[in-house]
Amino acid sequence: AGAVAALAYGTGSVPRVDRIVGPGNAYVAAAKLQVVDAVAIDAPAGPSEILVVADASARPDAVARELLAQAEHDPDACCVALVLGASLAQAVKDEVERQARSARRGDIVLSALAGRGAVLRIDSLDEAWPFVADFAPEHLLLATATAAEDVARVRNAGTVFVGQRASVAFGDYLTGANHVLPTAGLARAYSGLSVLDFYRWTTWQRVTPEAAAAMADDVGTLADSEGLFAHADAARAWRLP
């Protein structure tokens with residue numbers, strides 16, 4: 001957190017920067033939010049999240065493993081599965097409970113599952129997509145037989161793992177996709193960190209004499225209506241004599 005302050009405001013030995021991005025603990029996240037008046041940041045980060053959408057092709061033990069893998073991050077981690085049909089939902093719930101009992105980070109896992117864990121039954125995959133769009137999860141795992149096609153139905157997510165073999169753990173360590181991702185529903189407004197976060201765009205306008213004359217009266221009228229009379233004068237000055 002102290003380094004965030006040094007980078008945002010500058011010190012005798014640390015130059016002030018223009019943008020601070022990247023992951024960190026709760027203290028780093030809080031510090032970044034406190035310096036947004038001085039420096040740009042990426043999306044504010046919260047506890048880890050996963051949402052799994054599973055149909056009859058999914059293995060209950062595989063879905064449960066993905067939920068526990070996120071649950072072991074933090075007691076506040078959010079681990080939710082949308083499961084097609086009552087029997088599969090029950091099987092996933094049973095697997096989660098069985099695996100949680102032997103988890104090596106059991107206290108953290110059980111706390112996360114108790115506080116922000118859920119196995120939710122859906123009666124059709126069509127029910128899943130509005131929920132996904134509203135939840136806007138950090139990690140979305142599509143454990144469906146039609147996962148390759150279902151990607152097109154996803155509107156909001158930090159990153160999408162296509163097929164039950166595409167474990168989030170692979171994305172954490174080796175697949176190469178950036179893993180600094182929006183949480184807490186911010187995928188509705190933010191993307192994952194990328195090189196685009198380091199680009200800026202500057203626009204420019206060039207106005208010919210004819211265009212200036214054509215716009216002068218209209219801009220003057222608009223400016224007058226807002227009481228910005230110097231604006232109106234600046235525009236009308238370019239009317240053709």
# chains A, B, ... in the order shown; residues from 1 in each chain; ligands from 1
call {"tool": "residues_around", "arguments": {"residues": "range 204-211 of chain A", "least_positions_apart": "3", "cutoff": "10 Å", "atoms": "only C-alpha atoms", "output": "list of chain:residue names"}}
result
A:Ala214, A:Met215, A:Ala216, A:Trp238, A:Arg239, A:Leu240
call {"tool": "residues_around", "arguments": {"residues": "range 171-179 of chain A", "least_positions_apart": "3", "cutoff": "10 Å", "atoms": "only C-alpha atoms", "output": "list in words"}}
result
Gly22, Pro23, Glu138, His139, Gly158, Thr159, Val160, Phe161, Ala166, Ser167, Val168, Pro182, Gly192, Leu193 and Ser194 of chain A
call {"tool": "write_last_selection", "arguments": {"atoms": "N, CA, C and O atoms", "output": "PDB file, in the first residue's frame"}}
result
ATOM      1  N   GLY A  22      -2.576  -3.831 -11.813  1.00  0.00           N
ATOM      2  CA  GLY A  22      -2.086  -5.128 -11.375  1.00  0.00           C
ATOM      3  C   GLY A  22      -2.746  -5.616 -10.103  1.00  0.00           C
ATOM      4  O   GLY A  22      -3.491  -4.894  -9.439  1.00  0.00           O
ATOM      5  N   PRO A  23      -2.460  -6.869  -9.748  1.00  0.00           N
ATOM      6  CA  PRO A  23      -3.121  -7.495  -8.607  1.00  0.00           C
ATOM      7  C   PRO A  23      -2.496  -7.099  -7.284  1.00  0.00           C
ATOM      8  O   PRO A  23      -1.396  -6.532  -7.236  1.00  0.00           O
ATOM      9  N   GLU A 138     -15.800 -12.911 -12.495  1.00  0.00           N
ATOM     10  CA  GLU A 138     -14.383 -12.820 -12.831  1.00  0.00           C
ATOM     11  C   GLU A 138     -13.968 -14.002 -13.709  1.00  0.00           C
ATOM     12  O   GLU A 138     -13.362 -13.836 -14.758  1.00  0.00           O
ATOM     13  N   HIS A 139     -14.277 -15.218 -13.274  1.00  0.00           N
ATOM     14  CA  HIS A 139     -14.000 -16.438 -14.030  1.00  0.00           C
ATOM     15  C   HIS A 139     -15.324 -17.120 -14.358  1.00  0.00           C
ATOM     16  O   HIS A 139     -16.134 -17.356 -13.456  1.00  0.00           O
ATOM     17  N   GLY A 158     -15.067 -11.663 -16.875  1.00  0.00           N
ATOM     18  CA  GLY A 158     -13.662 -11.289 -16.948  1.00  0.00           C
ATOM     19  C   GLY A 158     -12.907 -12.148 -17.937  1.00  0.00           C
ATOM     20  O   GLY A 158     -12.181 -11.655 -18.797  1.00  0.00           O
ATOM     21  N   THR A 159     -13.059 -13.468 -17.819  1.00  0.00           N
ATOM     22  CA  THR A 159     -12.483 -14.403 -18.771  1.00  0.00           C
ATOM     23  C   THR A 159     -13.336 -15.661 -18.775  1.00  0.00           C
ATOM     24  O   THR A 159     -13.941 -16.017 -17.756  1.00  0.00           O
ATOM     25  N   VAL A 160     -13.406 -16.337 -19.916  1.00  0.00           N
ATOM     26  CA  VAL A 160     -14.273 -17.507 -20.086  1.00  0.00           C
ATOM     27  C   VAL A 160     -13.415 -18.735 -20.367  1.00  0.00           C
ATOM     28  O   VAL A 160     -12.523 -18.704 -21.224  1.00  0.00           O
ATOM     29  N   PHE A 161     -13.689 -19.812 -19.653  1.00  0.00           N
ATOM     30  CA  PHE A 161     -13.019 -21.094 -19.848  1.00  0.00           C
ATOM     31  C   PHE A 161     -14.002 -22.023 -20.548  1.00  0.00           C
ATOM     32  O   PHE A 161     -15.085 -22.296 -20.030  1.00  0.00           O
ATOM     33  N   ALA A 166     -11.104 -27.069 -19.369  1.00  0.00           N
ATOM     34  CA  ALA A 166     -10.418 -25.770 -19.326  1.00  0.00           C
ATOM     35  C   ALA A 166     -10.450 -25.246 -17.897  1.00  0.00           C
ATOM     36  O   ALA A 166     -11.081 -24.226 -17.591  1.00  0.00           O
ATOM     37  N   SER A 167      -9.762 -25.931 -17.010  1.00  0.00           N
ATOM     38  CA  SER A 167      -9.762 -25.549 -15.600  1.00  0.00           C
ATOM     39  C   SER A 167      -9.237 -24.128 -15.424  1.00  0.00           C
ATOM     40  O   SER A 167      -8.300 -23.698 -16.107  1.00  0.00           O
ATOM     41  N   VAL A 168      -9.830 -23.421 -14.486  1.00  0.00           N
ATOM     42  CA  VAL A 168      -9.347 -22.075 -14.172  1.00  0.00           C
ATOM     43  C   VAL A 168      -7.890 -22.126 -13.710  1.00  0.00           C
ATOM     44  O   VAL A 168      -7.126 -21.177 -13.937  1.00  0.00           O
ATOM     45  N   PRO A 182     -11.567  -8.154 -13.731  1.00  0.00           N
ATOM     46  CA  PRO A 182     -12.556  -7.435 -12.913  1.00  0.00           C
ATOM     47  C   PRO A 182     -13.377  -8.389 -12.057  1.00  0.00           C
ATOM     48  O   PRO A 182     -13.713  -9.496 -12.477  1.00  0.00           O
ATOM     49  N   GLY A 192     -10.409  -7.319 -18.670  1.00  0.00           N
ATOM     50  CA  GLY A 192      -9.177  -7.718 -18.019  1.00  0.00           C
ATOM     51  C   GLY A 192      -8.022  -6.826 -18.461  1.00  0.00           C
ATOM     52  O   GLY A 192      -8.057  -6.205 -19.533  1.00  0.00           O
ATOM     53  N   LEU A 193      -7.001  -6.767 -17.626  1.00  0.00           N
ATOM     54  CA  LEU A 193      -5.835  -5.945 -17.940  1.00  0.00           C
ATOM     55  C   LEU A 193      -5.185  -6.421 -19.232  1.00  0.00           C
ATOM     56  O   LEU A 193      -5.033  -7.617 -19.466  1.00  0.00           O
ATOM     57  N   SER A 194      -4.796  -5.478 -20.093  1.00  0.00           N
ATOM     58  CA  SER A 194      -4.133  -5.823 -21.357  1.00  0.00           C
ATOM     59  C   SER A 194      -3.265  -4.648 -21.789  1.00  0.00           C
ATOM     60  O   SER A 194      -3.225  -3.600 -21.122  1.00  0.00           O
TER      61      SER A 194
END
call {"tool": "residues_around", "arguments": {"residues": "Val53 in chain A", "least_positions_apart": "2", "cutoff": "8 Å", "atoms": "only C-alpha atoms", "output": "list in words"}}
result
Leu51, Asp55, Ala81, Leu82, Val83, Ala128, Leu140, Leu141, Leu142, Ala143 and Thr144 of chain A
call {"tool": "closest_residue", "arguments": {"among": "A:Val39, A:Val63, A:Leu33, A:Phe135", "to": "Ala8 in chain A", "atoms": "only C-alpha atoms"}}
result
A:Val39
call {"tool": "atom_distance", "arguments": {"atom1": "CA of Ser87 in chain A", "atom2": "CA of Gly106 in chain A"}}
result
26.1 Å
call {"tool": "select_by_dssp", "arguments": {"residues": "range 36-143 of chain A", "states": "helix (DSSP H, G or I)", "output": "ChimeraX atom specification"}}
result
/A:60-71,86-101,106-116,125-135
call {"tool": "atom_distance", "arguments": {"atom1": "CA of Thr221 in chain A", "atom2": "CA of Ala237 in chain A"}}
result
13.1 Å
call {"tool": "closest_residue", "arguments": {"among": "A:Val92, A:Ala54, A:Leu186, A:Ala232", "to": "Asp150 in chain A", "atoms": "only C-alpha atoms"}}
result
A:Ala54
call {"tool": "closest_residue", "arguments": {"among": "A:Ala103, A:Leu120, A:Ala58, A:Val219", "to": "Glu72 in chain A", "atoms": "only C-alpha atoms"}}
result
A:Ala103
call {"tool": "select_by_dssp", "arguments": {"residues": "range 4-240 of chain A", "states": "strand (DSSP E)", "output": "PyMOL selection string"}}
result
chain A and resi 19-20+40-41+49-54+78-84+117-122+139-143+159-162
call {"tool": "write_last_selection", "arguments": {"atoms": "C-alpha atoms", "output": "CSV table (one decimal), in the first residue's frame"}}
result
chain,number,residue,atom,x,y,z
A,19,ARG,CA,-1.1,4.6,-14.2
A,20,ILE,CA,-1.0,1.9,-11.5
A,40,ALA,CA,-5.4,6.2,-13.3
A,41,ILE,CA,-5.9,2.6,-12.1
A,49,GLU,CA,-14.9,-15.4,-8.1
A,50,ILE,CA,-16.0,-18.3,-10.2
A,51,LEU,CA,-19.3,-19.1,-11.9
A,52,VAL,CA,-19.7,-22.5,-13.5
A,53,VAL,CA,-22.5,-23.3,-15.9
A,54,ALA,CA,-22.9,-27.1,-16.1
A,78,CYS,CA,-17.4,-16.4,-4.3
A,79,CYS,CA,-18.0,-19.8,-5.8
A,80,VAL,CA,-21.3,-20.5,-7.6
A,81,ALA,CA,-22.5,-23.2,-10.0
A,82,LEU,CA,-25.6,-23.0,-12.2
A,83,VAL,CA,-26.4,-26.7,-12.8
A,84,LEU,CA,-29.0,-28.1,-15.3
A,117,GLY,CA,-21.0,-20.4,-2.1
A,118,ALA,CA,-24.0,-21.9,-4.0
A,119,VAL,CA,-25.2,-24.6,-6.2
A,120,LEU,CA,-28.2,-23.3,-8.1
A,121,ARG,CA,-30.5,-25.4,-10.2
A,122,ILE,CA,-31.7,-24.3,-13.6
A,139,HIS,CA,-14.0,-16.4,-14.0
A,140,LEU,CA,-16.7,-18.2,-16.0
A,141,LEU,CA,-16.4,-21.9,-16.7
A,142,LEU,CA,-18.7,-23.4,-19.4
A,143,ALA,CA,-18.9,-27.1,-18.5
A,159,THR,CA,-12.5,-14.4,-18.8
A,160,VAL,CA,-14.3,-17.5,-20.1
A,161,PHE,CA,-13.0,-21.1,-19.8
A,162,VAL,CA,-14.6,-23.1,-22.6
call {"tool": "atom_distance", "arguments": {"atom1": "CA of Pro47 in chain A", "atom2": "CA of Gly85 in chain A"}}
result
28.8 Å
call {"tool": "residues_around", "arguments": {"residues": "Gly24 in chain A", "least_positions_apart": "3", "cutoff": "12 Å", "atoms": "only C-alpha atoms", "output": "list of chain:residue names"}}
result
A:Ala1, A:Ala3, A:Val4, A:Ile20, A:Val21, A:Tyr27, A:Val28, A:Ala29, A:Ala30, A:Ala31, A:Lys32, A:Asp42, A:Ala43, A:Pro44, A:Ala45, A:Gly46, A:Pro47, A:Ser48, A:Val180, A:Leu181
call {"tool": "closest_residue", "arguments": {"among": "A:Ala6, A:Val35, A:Val17, A:Ala169", "to": "Gln70 in chain A", "atoms": "only C-alpha atoms"}}
result
A:Ala169
call {"tool": "closest_residue", "arguments": {"among": "A:Val36, A:Ala26, A:Ala64, A:Leu125", "to": "Tyr9 in chain A", "atoms": "only C-alpha atoms"}}
result
A:Val36
